Amino acid sequence: MTAATHSDHVQAPPGAPARTAAHAGGHGEPLPRRLVRGRPEDPRWARPAFLGLLLVIGLAYLWNLSASGYANSFYSAAVQAGSQSWKAFFFGSLDSAGAITVDKPPAALWPMALSVRIFGLGSWAILAPQVLMAVATAGVLYAAVRRRFSAAAGLIAMVVLALTPVAALMFRFNNPDALLALLMTVTVYCVLRAMEGGRTKWLVWAGVAVGLAFLSKTLQAFLILPPLAVLYAVFAPGSVHRRLGQLGLAALAMVVSGGWWVAIVELWPASSRPYVGGSQNNSFLELTFGYNGLGRINGEETGSVGGGGGGRGGGWGETGIGRMFDSEIGGQVAWLLPAALILLAAGVWLTWRAKRTDTARAAFLAWGGSLLMTALVFSFMAGIFHQYYTVALAPYAAALTGMGATVLWEERGRWWAGAVLGVTVAVTAVWSYVLLARTPDYVPWLRWAVLTGGLLGAVGLLLVTRLGRTLALGAVGLGLAASLAGPAAYTVSTLNTGHEGSIVTAGPAGAGMGGPGGGRGGGFPGGGDGGGMQPPGQGAQQGGRAPGNAQGGGFPGGGTPGQGGRAPGGQQGGQQGGQAPGGRQGAMPGGGAGEGGAGGMGGLLDGASVDPEAEALLKEDADAYTWAAAAIGAQNAASYQLATGDPVMAVGGFNGSDPSPTLARFKQYVEDGKVHYFISGGMGGGMGGGMGGEGAASRISSWVEDTFEKVTAGGATFYDLTSPKSGE
């Protein structure tokens, strides 16, 4: 068999002449039986294995789900608001009264808000939809890979995806990345379907998927567009004119499916909708192309808490070609990245001389182009970057691993195919050893077992043509087990640990190096722990601890991380921090302390600890006010809102730096009797208006402190906006 003809031996797509009769339903097999057994050309075990694996993934990801409580209280508050108000639902408002939105479009909030409307507010209602997205992503991935290759290739891809630690993290968390990963997988699937016969409808569906992904996480949805568009323009069937016309229709579908919401928001009178959080001019377009767009690339995000400053080694980590493999990212997603790249090269080489429209080569280029484009942007972006963003790479790497491994196994009769498989397993084993060595106290024997087993399996694959069937299958099994043991162990640690806060990482303690690994929150830029901010005048108090148990610091701009949060290795930083399972983070049932520091003070990345006495204070006569309280910073406000169930205004949005509301507007709210209390502290409270210096949040805080009476409840300080100071 030559490289030019290899792809003819790879399973043809449905609809090809050899399979037309079967897919027309001419086999006469009852539908229920087909659902269990799958397609006639599949092995008898294929469909049961696929359905069983979907079930295992769903059950595994549901395990210990409630340990994460409200997870990221920033998004949970918006979910709660959306379950109470359809207007808040549509705009993605942080509170049901509609003061300000989250700093993303709302599509990722909608499934969770609908779940909470049906089942009530709770951890499972918020997070279970994310688990369903994991199952859906695995199913779409299987369908895409199995369609052009084999059932075994699809199953391997599913296993690799499920055992990627960052996938186990984000498909059980309430950030937008889970829906984004699902929709990006759907996009590649639709493009590959379109490649089979130049089918316009599938390319249009790909455009719809990208548009919906844009409504999940704005411009990150566009990262895979260049490689996929070039792939279709060059390799799809049909004339050049037809291909370009189809791409134009797909672009139109993308604009319509993603732009309808944007158009409504931009045309809606600003006075009757929530302020667009994360923007400086109340504009979603500004948010899209500024803070969430080019600012992420060059590090110049207006209103951000820091950034890379446009160069290497900024506040969000070292940039460069090796970023996906470094100490912060490697343990999250990079276990099989070297293998995926090797298998990508092998697959492209095998199919390079095939006809222009060959769909096997298209599959390698589609998944490989998506992986490389996304990884390169992540590697060099100088702005805000978190480890969990890399979940976007997981489906691409999983598909390449499944396709490449099975194609090379089919070619094992040729010495070089076994050699490439052997080298791939050996490289993976050595790389896994390196990654496991970064957490030396975590199952110390595992890295040696992985290294030994992987090298033995690699030798067996190098000699596969000389081995009998039993020994050859044994070498395959040993190599596969060694390749997956490291990420599987990190995934189990992730599933067994609750995760809370704005920045979370997968794996055991210290795996992310910028945060607590398997712990809650953490990972503040600069190495400190991002727990609750300290009260004014107490900057010498102990903050979170950085990796290696170094004293936390590293707050962009020179501040000090304050109370709350856990450091790598499980050391408690500062005062009461991370939440125990079943504990209280913003009044989760079960009592206990929340994420923030003592005294009810929230921080930039974590919520506040809400004492029952403070909760009771805010709930008293709350129905008489539009907002039970106002607090600087979204995390602080979110914790009190989740605790009380009543709207709490987030002054200044997430960072405390958005100019919403202005001092004049806030004074009018108070005069009209719409806000009852002002919560002292939080991001920006008495600290220069958050990251915005002497901005609106700082001016509001100063005016409140100078004008109204102070009330203390549960160790937290409030200002009663209905009780002016004597003489005021």
# chains A, B, ... in the order shown; residues from 1 in each chain; ligands from 1

$ residues_around --residues "stretch 206-218 of chain A" --least-positions-apart "5" --cutoff "9 Å" --atoms "only C-alpha atoms" --output "VMD selection string"
chain A and resid 104 to 109 176 to 177 179 to 184 186 to 191 194 201 225 247 249 to 259 261 to 262 288 to 289 292 to 293

$ closest_atom_pairs --of "stretch 61-180 of chain A" --to "stretch 409-423 of chain A" --cutoff "12 Å" --atoms "only C-alpha atoms" --output "CSV"
residue,atom,partner,partner_atom,distance
A:Phe149,CA,A:Glu410,CA,10.7
A:Ser150,CA,A:Glu410,CA,10.6
A:Ala152,CA,A:Trp409,CA,10.9
A:Ala153,CA,A:Trp409,CA,10.5

$ write_last_selection --atoms "C-alpha atoms" --output "mmCIF file, in the first residue's frame"
data_model
loop_
_atom_site.group_PDB
_atom_site.id
_atom_site.type_symbol
_atom_site.label_atom_id
_atom_site.label_comp_id
_atom_site.auth_asym_id
_atom_site.auth_seq_id
_atom_site.Cartn_x
_atom_site.Cartn_y
_atom_site.Cartn_z
ATOM 1 C CA PHE A 149 -12.223 6.401 10.432
ATOM 2 C CA SER A 150 -13.388 3.655 12.779
ATOM 3 C CA ALA A 152 -12.157 2.352 17.776
ATOM 4 C CA ALA A 153 -10.794 5.756 16.745
#

$ select_by_dssp --residues "stretch 329-473 of chain A" --states "alpha helix (DSSP H)" --output "count of residues only"
105

$ atom_distance --atom1 "atom CA of A:Arg147" --atom2 "atom CA of A:Thr164"
22.8 Å

$ residues_around --residues "A:Gly645" --least-positions-apart "3" --cutoff "10 Å" --atoms "only C-alpha atoms" --output "compact mmCIF listing (two decimals) with N, CA, C and O atoms, in the first residue's frame"
# COMPACT_ATOMS: atom_id res chain seq x y z
N ALA A 77 -24.58 34.05 40.38
CA ALA A 77 -25.49 35.15 40.67
C ALA A 77 -26.28 35.55 39.43
O ALA A 77 -27.49 35.83 39.51
N GLN A 80 -28.90 32.93 38.91
CA GLN A 80 -30.00 33.17 39.84
C GLN A 80 -30.89 34.31 39.34
O GLN A 80 -32.12 34.20 39.34
N ALA A 81 -30.26 35.39 38.89
CA ALA A 81 -31.03 36.54 38.39
C ALA A 81 -31.86 36.14 37.17
O ALA A 81 -33.03 36.52 37.05
N GLN A 84 -35.05 34.44 37.87
CA GLN A 84 -36.07 35.28 38.51
C GLN A 84 -36.67 36.30 37.57
O GLN A 84 -37.80 36.75 37.77
N ASP A 95 -27.95 40.84 38.45
CA ASP A 95 -29.02 40.87 39.43
C ASP A 95 -30.34 41.00 38.70
O ASP A 95 -30.40 41.51 37.58
N SER A 96 -31.40 40.54 39.33
CA SER A 96 -32.71 40.53 38.67
C SER A 96 -33.26 41.92 38.45
O SER A 96 -34.17 42.10 37.63
N LEU A 121 -32.68 26.92 42.93
CA LEU A 121 -31.27 27.29 43.03
C LEU A 121 -30.50 26.28 43.86
O LEU A 121 -30.87 25.98 45.00
N GLY A 586 -21.75 32.31 50.37
CA GLY A 586 -22.95 33.04 50.05
C GLY A 586 -24.19 32.26 50.43
O GLY A 586 -25.11 32.10 49.66
N ALA A 587 -24.18 31.71 51.66
CA ALA A 587 -25.36 31.05 52.23
C ALA A 587 -25.74 29.78 51.52
O ALA A 587 -26.89 29.48 51.32
N GLU A 615 -26.87 38.24 56.77
CA GLU A 615 -27.92 37.81 55.85
C GLU A 615 -29.30 38.28 56.33
O GLU A 615 -30.10 38.80 55.54
N LYS A 619 -32.04 40.89 54.47
CA LYS A 619 -33.34 40.36 54.05
C LYS A 619 -34.51 41.11 54.68
O LYS A 619 -35.62 41.07 54.17
N ALA A 622 -36.49 43.67 52.54
CA ALA A 622 -35.85 43.73 51.22
C ALA A 622 -36.85 43.94 50.10
O ALA A 622 -36.54 44.57 49.07
N ALA A 628 -31.55 45.15 47.62
CA ALA A 628 -31.39 45.03 49.07
C ALA A 628 -30.12 45.71 49.53
O ALA A 628 -30.05 46.21 50.66
N ALA A 638 -22.21 39.28 44.51
CA ALA A 638 -22.79 37.98 44.18
C ALA A 638 -22.99 37.13 45.42
O ALA A 638 -24.01 36.44 45.56
N SER A 639 -22.04 37.16 46.34
CA SER A 639 -22.14 36.33 47.54
C SER A 639 -23.35 36.73 48.38
O SER A 639 -24.09 35.87 48.89
N TYR A 640 -23.56 38.01 48.55
CA TYR A 640 -24.71 38.48 49.34
C TYR A 640 -26.02 38.21 48.60
O TYR A 640 -27.04 37.91 49.21
N GLN A 641 -26.00 38.32 47.29
CA GLN A 641 -27.21 38.05 46.52
C GLN A 641 -27.59 36.57 46.60
O GLN A 641 -28.75 36.22 46.77
N LEU A 642 -26.59 35.69 46.47
CA LEU A 642 -26.86 34.26 46.58
C LEU A 642 -27.32 33.89 47.98
O LEU A 642 -28.12 32.96 48.16
N VAL A 648 -28.62 42.41 44.59
CA VAL A 648 -27.56 43.24 45.17
C VAL A 648 -26.81 43.88 44.01
O VAL A 648 -26.33 43.17 43.11

$ residues_around --residues "A:Leu114" --least-positions-apart "6" --cutoff "12 Å" --atoms "only C-alpha atoms" --output "PyMOL selection string"
chain A and resi 78-86+89-90+107-108+120-121+125-129

$ closest_residue --among "A:Met381, A:Ala664, A:Ala511, A:Ala637" --to "A:Gly652" --atoms "only C-alpha atoms"
A:Ala637

$ closest_residue --among "A:Thr712, A:Ser123, A:Ser327, A:Thr452" --to "A:Arg438" --atoms "only C-alpha atoms"
A:Ser327

$ select_by_dssp --residues "stretch 90-330 of chain A" --states "strand (DSSP E or B)" --output "PDB file with N, CA, C and O atoms, in the first residue's frame"
ATOM      1  N   SER A  93     -27.844  39.726  33.104  1.00  0.00           N
ATOM      2  CA  SER A  93     -27.628  40.658  34.207  1.00  0.00           C
ATOM      3  C   SER A  93     -27.165  39.916  35.455  1.00  0.00           C
ATOM      4  O   SER A  93     -27.568  38.781  35.715  1.00  0.00           O
ATOM      5  N   ILE A 100     -26.281  45.706  36.069  1.00  0.00           N
ATOM      6  CA  ILE A 100     -25.116  45.531  35.215  1.00  0.00           C
ATOM      7  C   ILE A 100     -25.032  44.071  34.805  1.00  0.00           C
ATOM      8  O   ILE A 100     -25.472  43.177  35.533  1.00  0.00           O
ATOM      9  N   THR A 101     -24.464  43.803  33.637  1.00  0.00           N
ATOM     10  CA  THR A 101     -24.365  42.432  33.129  1.00  0.00           C
ATOM     11  C   THR A 101     -23.017  41.816  33.502  1.00  0.00           C
ATOM     12  O   THR A 101     -22.106  42.505  33.974  1.00  0.00           O
ATOM     13  N   TYR A 275     -26.363  47.955  32.381  1.00  0.00           N
ATOM     14  CA  TYR A 275     -25.083  48.422  31.852  1.00  0.00           C
ATOM     15  C   TYR A 275     -24.289  47.206  31.374  1.00  0.00           C
ATOM     16  O   TYR A 275     -24.314  46.148  32.000  1.00  0.00           O
ATOM     17  N   GLY A 314       4.384  38.754  31.693  1.00  0.00           N
ATOM     18  CA  GLY A 314       3.542  39.730  32.354  1.00  0.00           C
ATOM     19  C   GLY A 314       2.762  39.113  33.492  1.00  0.00           C
ATOM     20  O   GLY A 314       3.024  38.015  33.958  1.00  0.00           O
ATOM     21  N   GLY A 317       1.332  35.390  33.211  1.00  0.00           N
ATOM     22  CA  GLY A 317       2.177  34.242  32.899  1.00  0.00           C
ATOM     23  C   GLY A 317       3.104  34.505  31.729  1.00  0.00           C
ATOM     24  O   GLY A 317       2.928  35.431  30.939  1.00  0.00           O
TER      25      GLY A 317
END

$ residues_around --residues "A:Ala488" --least-positions-apart "5" --cutoff "9 Å" --atoms "only C-alpha atoms" --output "ChimeraX atom specification"
/A:162-165,493

$ write_last_selection --atoms "C-alpha atoms" --output "PDB file, in the first residue's frame"
ATOM      1  CA  ALA A 162     -12.816  12.614  29.265  1.00  0.00           C
ATOM      2  CA  LEU A 163      -9.416  12.017  30.880  1.00  0.00           C
ATOM      3  CA  THR A 164      -8.041  15.466  30.074  1.00  0.00           C
ATOM      4  CA  PRO A 165      -7.860  17.102  33.525  1.00  0.00           C
ATOM      5  CA  SER A 493      -8.101  14.200  41.721  1.00  0.00           C
TER       6      SER A 493
END

$ residues_around --residues "A:Ala475" --least-positions-apart "3" --cutoff "7 Å" --atoms "only C-alpha atoms" --output "PyMOL selection string"
chain A and resi 457+460-461+471-472+478-479

$ residues_around --residues "A:Ile700" --least-positions-apart "4" --cutoff "8 Å" --atoms "only C-alpha atoms" --output "ChimeraX atom specification"
/A:662-663,666,696,704

$ closest_residue --among "A:Leu376, A:Ile329, A:Val131, A:Leu337" --to "A:Asn174" --atoms "only C-alpha atoms"
A:Val131

$ atom_distance --atom1 "atom CA of A:Ala168" --atom2 "atom CA of A:Trp367"
20.6 Å

$ closest_residue --among "A:Gly295, A:Gly331, A:Gly656, A:Pro724" --to "A:Gly383" --atoms "only C-alpha atoms"
A:Gly295

$ closest_residue --among "A:Phe50, A:Phe74, A:Tyr677, A:Phe708" --to "A:Gly501" --atoms "only C-alpha atoms"
A:Phe74

$ decode --residues "stretch 161-197 of chain A" --atoms "N, CA and C atoms" --output "PDB file, in the first residue's frame"
ATOM      1  N   LEU A 161     -10.555  12.697  25.640  1.00  0.00           N
ATOM      2  CA  LEU A 161     -11.249  13.916  26.057  1.00  0.00           C
ATOM      3  C   LEU A 161     -11.663  13.834  27.520  1.00  0.00           C
ATOM      4  N   ALA A 162     -12.301  12.735  27.905  1.00  0.00           N
ATOM      5  CA  ALA A 162     -12.816  12.614  29.265  1.00  0.00           C
ATOM      6  C   ALA A 162     -11.712  12.608  30.311  1.00  0.00           C
ATOM      7  N   LEU A 163     -10.525  12.108  29.937  1.00  0.00           N
ATOM      8  CA  LEU A 163      -9.416  12.017  30.880  1.00  0.00           C
ATOM      9  C   LEU A 163      -8.459  13.201  30.787  1.00  0.00           C
ATOM     10  N   THR A 164      -8.824  14.230  30.061  1.00  0.00           N
ATOM     11  CA  THR A 164      -8.041  15.466  30.074  1.00  0.00           C
ATOM     12  C   THR A 164      -8.423  16.248  31.324  1.00  0.00           C
ATOM     13  N   PRO A 165      -7.496  16.506  32.236  1.00  0.00           N
ATOM     14  CA  PRO A 165      -7.860  17.102  33.525  1.00  0.00           C
ATOM     15  C   PRO A 165      -8.659  18.395  33.415  1.00  0.00           C
ATOM     16  N   VAL A 166      -8.277  19.281  32.513  1.00  0.00           N
ATOM     17  CA  VAL A 166      -8.982  20.555  32.430  1.00  0.00           C
ATOM     18  C   VAL A 166     -10.401  20.362  31.904  1.00  0.00           C
ATOM     19  N   ALA A 167     -10.639  19.311  31.130  1.00  0.00           N
ATOM     20  CA  ALA A 167     -12.001  19.013  30.691  1.00  0.00           C
ATOM     21  C   ALA A 167     -12.844  18.551  31.871  1.00  0.00           C
ATOM     22  N   ALA A 168     -12.271  17.693  32.726  1.00  0.00           N
ATOM     23  CA  ALA A 168     -12.980  17.249  33.925  1.00  0.00           C
ATOM     24  C   ALA A 168     -13.276  18.418  34.856  1.00  0.00           C
ATOM     25  N   LEU A 169     -12.467  19.453  34.790  1.00  0.00           N
ATOM     26  CA  LEU A 169     -12.699  20.656  35.599  1.00  0.00           C
ATOM     27  C   LEU A 169     -13.818  21.509  35.021  1.00  0.00           C
ATOM     28  N   MET A 170     -13.695  21.880  33.745  1.00  0.00           N
ATOM     29  CA  MET A 170     -14.577  22.896  33.184  1.00  0.00           C
ATOM     30  C   MET A 170     -15.941  22.369  32.776  1.00  0.00           C
ATOM     31  N   PHE A 171     -16.063  21.065  32.541  1.00  0.00           N
ATOM     32  CA  PHE A 171     -17.383  20.510  32.270  1.00  0.00           C
ATOM     33  C   PHE A 171     -18.140  20.208  33.559  1.00  0.00           C
ATOM     34  N   ARG A 172     -17.596  20.641  34.683  1.00  0.00           N
ATOM     35  CA  ARG A 172     -18.265  20.554  35.984  1.00  0.00           C
ATOM     36  C   ARG A 172     -18.249  21.921  36.667  1.00  0.00           C
ATOM     37  N   PHE A 173     -18.053  22.959  35.888  1.00  0.00           N
ATOM     38  CA  PHE A 173     -17.918  24.314  36.422  1.00  0.00           C
ATOM     39  C   PHE A 173     -18.836  25.213  35.612  1.00  0.00           C
ATOM     40  N   ASN A 174     -19.143  26.405  36.122  1.00  0.00           N
ATOM     41  CA  ASN A 174     -20.167  27.226  35.489  1.00  0.00           C
ATOM     42  C   ASN A 174     -19.619  28.396  34.695  1.00  0.00           C
ATOM     43  N   ASN A 175     -18.377  28.320  34.240  1.00  0.00           N
ATOM     44  CA  ASN A 175     -17.841  29.312  33.310  1.00  0.00           C
ATOM     45  C   ASN A 175     -18.333  29.014  31.887  1.00  0.00           C
ATOM     46  N   PRO A 176     -18.189  29.940  30.949  1.00  0.00           N
ATOM     47  CA  PRO A 176     -18.706  29.719  29.591  1.00  0.00           C
ATOM     48  C   PRO A 176     -17.912  28.703  28.773  1.00  0.00           C
ATOM     49  N   ASP A 177     -16.774  28.237  29.262  1.00  0.00           N
ATOM     50  CA  ASP A 177     -15.875  27.432  28.432  1.00  0.00           C
ATOM     51  C   ASP A 177     -16.449  26.079  28.050  1.00  0.00           C
ATOM     52  N   ALA A 178     -17.325  25.511  28.870  1.00  0.00           N
ATOM     53  CA  ALA A 178     -17.907  24.209  28.538  1.00  0.00           C
ATOM     54  C   ALA A 178     -18.757  24.310  27.273  1.00  0.00           C
ATOM     55  N   LEU A 179     -19.657  25.280  27.218  1.00  0.00           N
ATOM     56  CA  LEU A 179     -20.492  25.452  26.031  1.00  0.00           C
ATOM     57  C   LEU A 179     -19.640  25.812  24.824  1.00  0.00           C
ATOM     58  N   LEU A 180     -18.611  26.633  25.023  1.00  0.00           N
ATOM     59  CA  LEU A 180     -17.727  26.988  23.914  1.00  0.00           C
ATOM     60  C   LEU A 180     -17.059  25.745  23.334  1.00  0.00           C
ATOM     61  N   ALA A 181     -16.531  24.864  24.191  1.00  0.00           N
ATOM     62  CA  ALA A 181     -15.868  23.650  23.705  1.00  0.00           C
ATOM     63  C   ALA A 181     -16.843  22.761  22.940  1.00  0.00           C
ATOM     64  N   LEU A 182     -18.074  22.642  23.436  1.00  0.00           N
ATOM     65  CA  LEU A 182     -19.082  21.856  22.731  1.00  0.00           C
ATOM     66  C   LEU A 182     -19.359  22.431  21.347  1.00  0.00           C
ATOM     67  N   LEU A 183     -19.580  23.733  21.273  1.00  0.00           N
ATOM     68  CA  LEU A 183     -19.929  24.349  19.998  1.00  0.00           C
ATOM     69  C   LEU A 183     -18.763  24.342  19.013  1.00  0.00           C
ATOM     70  N   MET A 184     -17.538  24.441  19.498  1.00  0.00           N
ATOM     71  CA  MET A 184     -16.388  24.338  18.613  1.00  0.00           C
ATOM     72  C   MET A 184     -16.256  22.921  18.041  1.00  0.00           C
ATOM     73  N   THR A 185     -16.575  21.917  18.846  1.00  0.00           N
ATOM     74  CA  THR A 185     -16.564  20.536  18.358  1.00  0.00           C
ATOM     75  C   THR A 185     -17.653  20.339  17.315  1.00  0.00           C
ATOM     76  N   VAL A 186     -18.826  20.899  17.571  1.00  0.00           N
ATOM     77  CA  VAL A 186     -19.913  20.831  16.600  1.00  0.00           C
ATOM     78  C   VAL A 186     -19.512  21.521  15.299  1.00  0.00           C
ATOM     79  N   THR A 187     -18.808  22.635  15.405  1.00  0.00           N
ATOM     80  CA  THR A 187     -18.375  23.363  14.211  1.00  0.00           C
ATOM     81  C   THR A 187     -17.487  22.494  13.332  1.00  0.00           C
ATOM     82  N   VAL A 188     -16.483  21.856  13.918  1.00  0.00           N
ATOM     83  CA  VAL A 188     -15.586  21.005  13.131  1.00  0.00           C
ATOM     84  C   VAL A 188     -16.361  19.840  12.528  1.00  0.00           C
ATOM     85  N   TYR A 189     -17.262  19.250  13.299  1.00  0.00           N
ATOM     86  CA  TYR A 189     -18.075  18.149  12.782  1.00  0.00           C
ATOM     87  C   TYR A 189     -18.861  18.593  11.549  1.00  0.00           C
ATOM     88  N   CYS A 190     -19.504  19.753  11.633  1.00  0.00           N
ATOM     89  CA  CYS A 190     -20.307  20.240  10.508  1.00  0.00           C
ATOM     90  C   CYS A 190     -19.452  20.545   9.286  1.00  0.00           C
ATOM     91  N   VAL A 191     -18.280  21.105   9.495  1.00  0.00           N
ATOM     92  CA  VAL A 191     -17.386  21.379   8.364  1.00  0.00           C
ATOM     93  C   VAL A 191     -16.972  20.077   7.695  1.00  0.00           C
ATOM     94  N   LEU A 192     -16.659  19.060   8.472  1.00  0.00           N
ATOM     95  CA  LEU A 192     -16.268  17.777   7.894  1.00  0.00           C
ATOM     96  C   LEU A 192     -17.434  17.122   7.162  1.00  0.00           C
ATOM     97  N   ARG A 193     -18.648  17.276   7.666  1.00  0.00           N
ATOM     98  CA  ARG A 193     -19.812  16.777   6.934  1.00  0.00           C
ATOM     99  C   ARG A 193     -19.957  17.510   5.602  1.00  0.00           C
ATOM    100  N   ALA A 194     -19.729  18.821   5.637  1.00  0.00           N
ATOM    101  CA  ALA A 194     -19.818  19.594   4.397  1.00  0.00           C
ATOM    102  C   ALA A 194     -18.749  19.170   3.398  1.00  0.00           C
ATOM    103  N   MET A 195     -17.576  18.774   3.892  1.00  0.00           N
ATOM    104  CA  MET A 195     -16.476  18.371   3.011  1.00  0.00           C
ATOM    105  C   MET A 195     -16.790  17.078   2.257  1.00  0.00           C
ATOM    106  N   GLU A 196     -17.697  16.262   2.763  1.00  0.00           N
ATOM    107  CA  GLU A 196     -17.946  14.964   2.150  1.00  0.00           C
ATOM    108  C   GLU A 196     -18.508  15.073   0.743  1.00  0.00           C
ATOM    109  N   GLY A 197     -19.333  16.053   0.483  1.00  0.00           N
ATOM    110  CA  GLY A 197     -19.893  16.181  -0.860  1.00  0.00           C
ATOM    111  C   GLY A 197     -20.169  17.617  -1.242  1.00  0.00           C
TER     112      GLY A 197
END
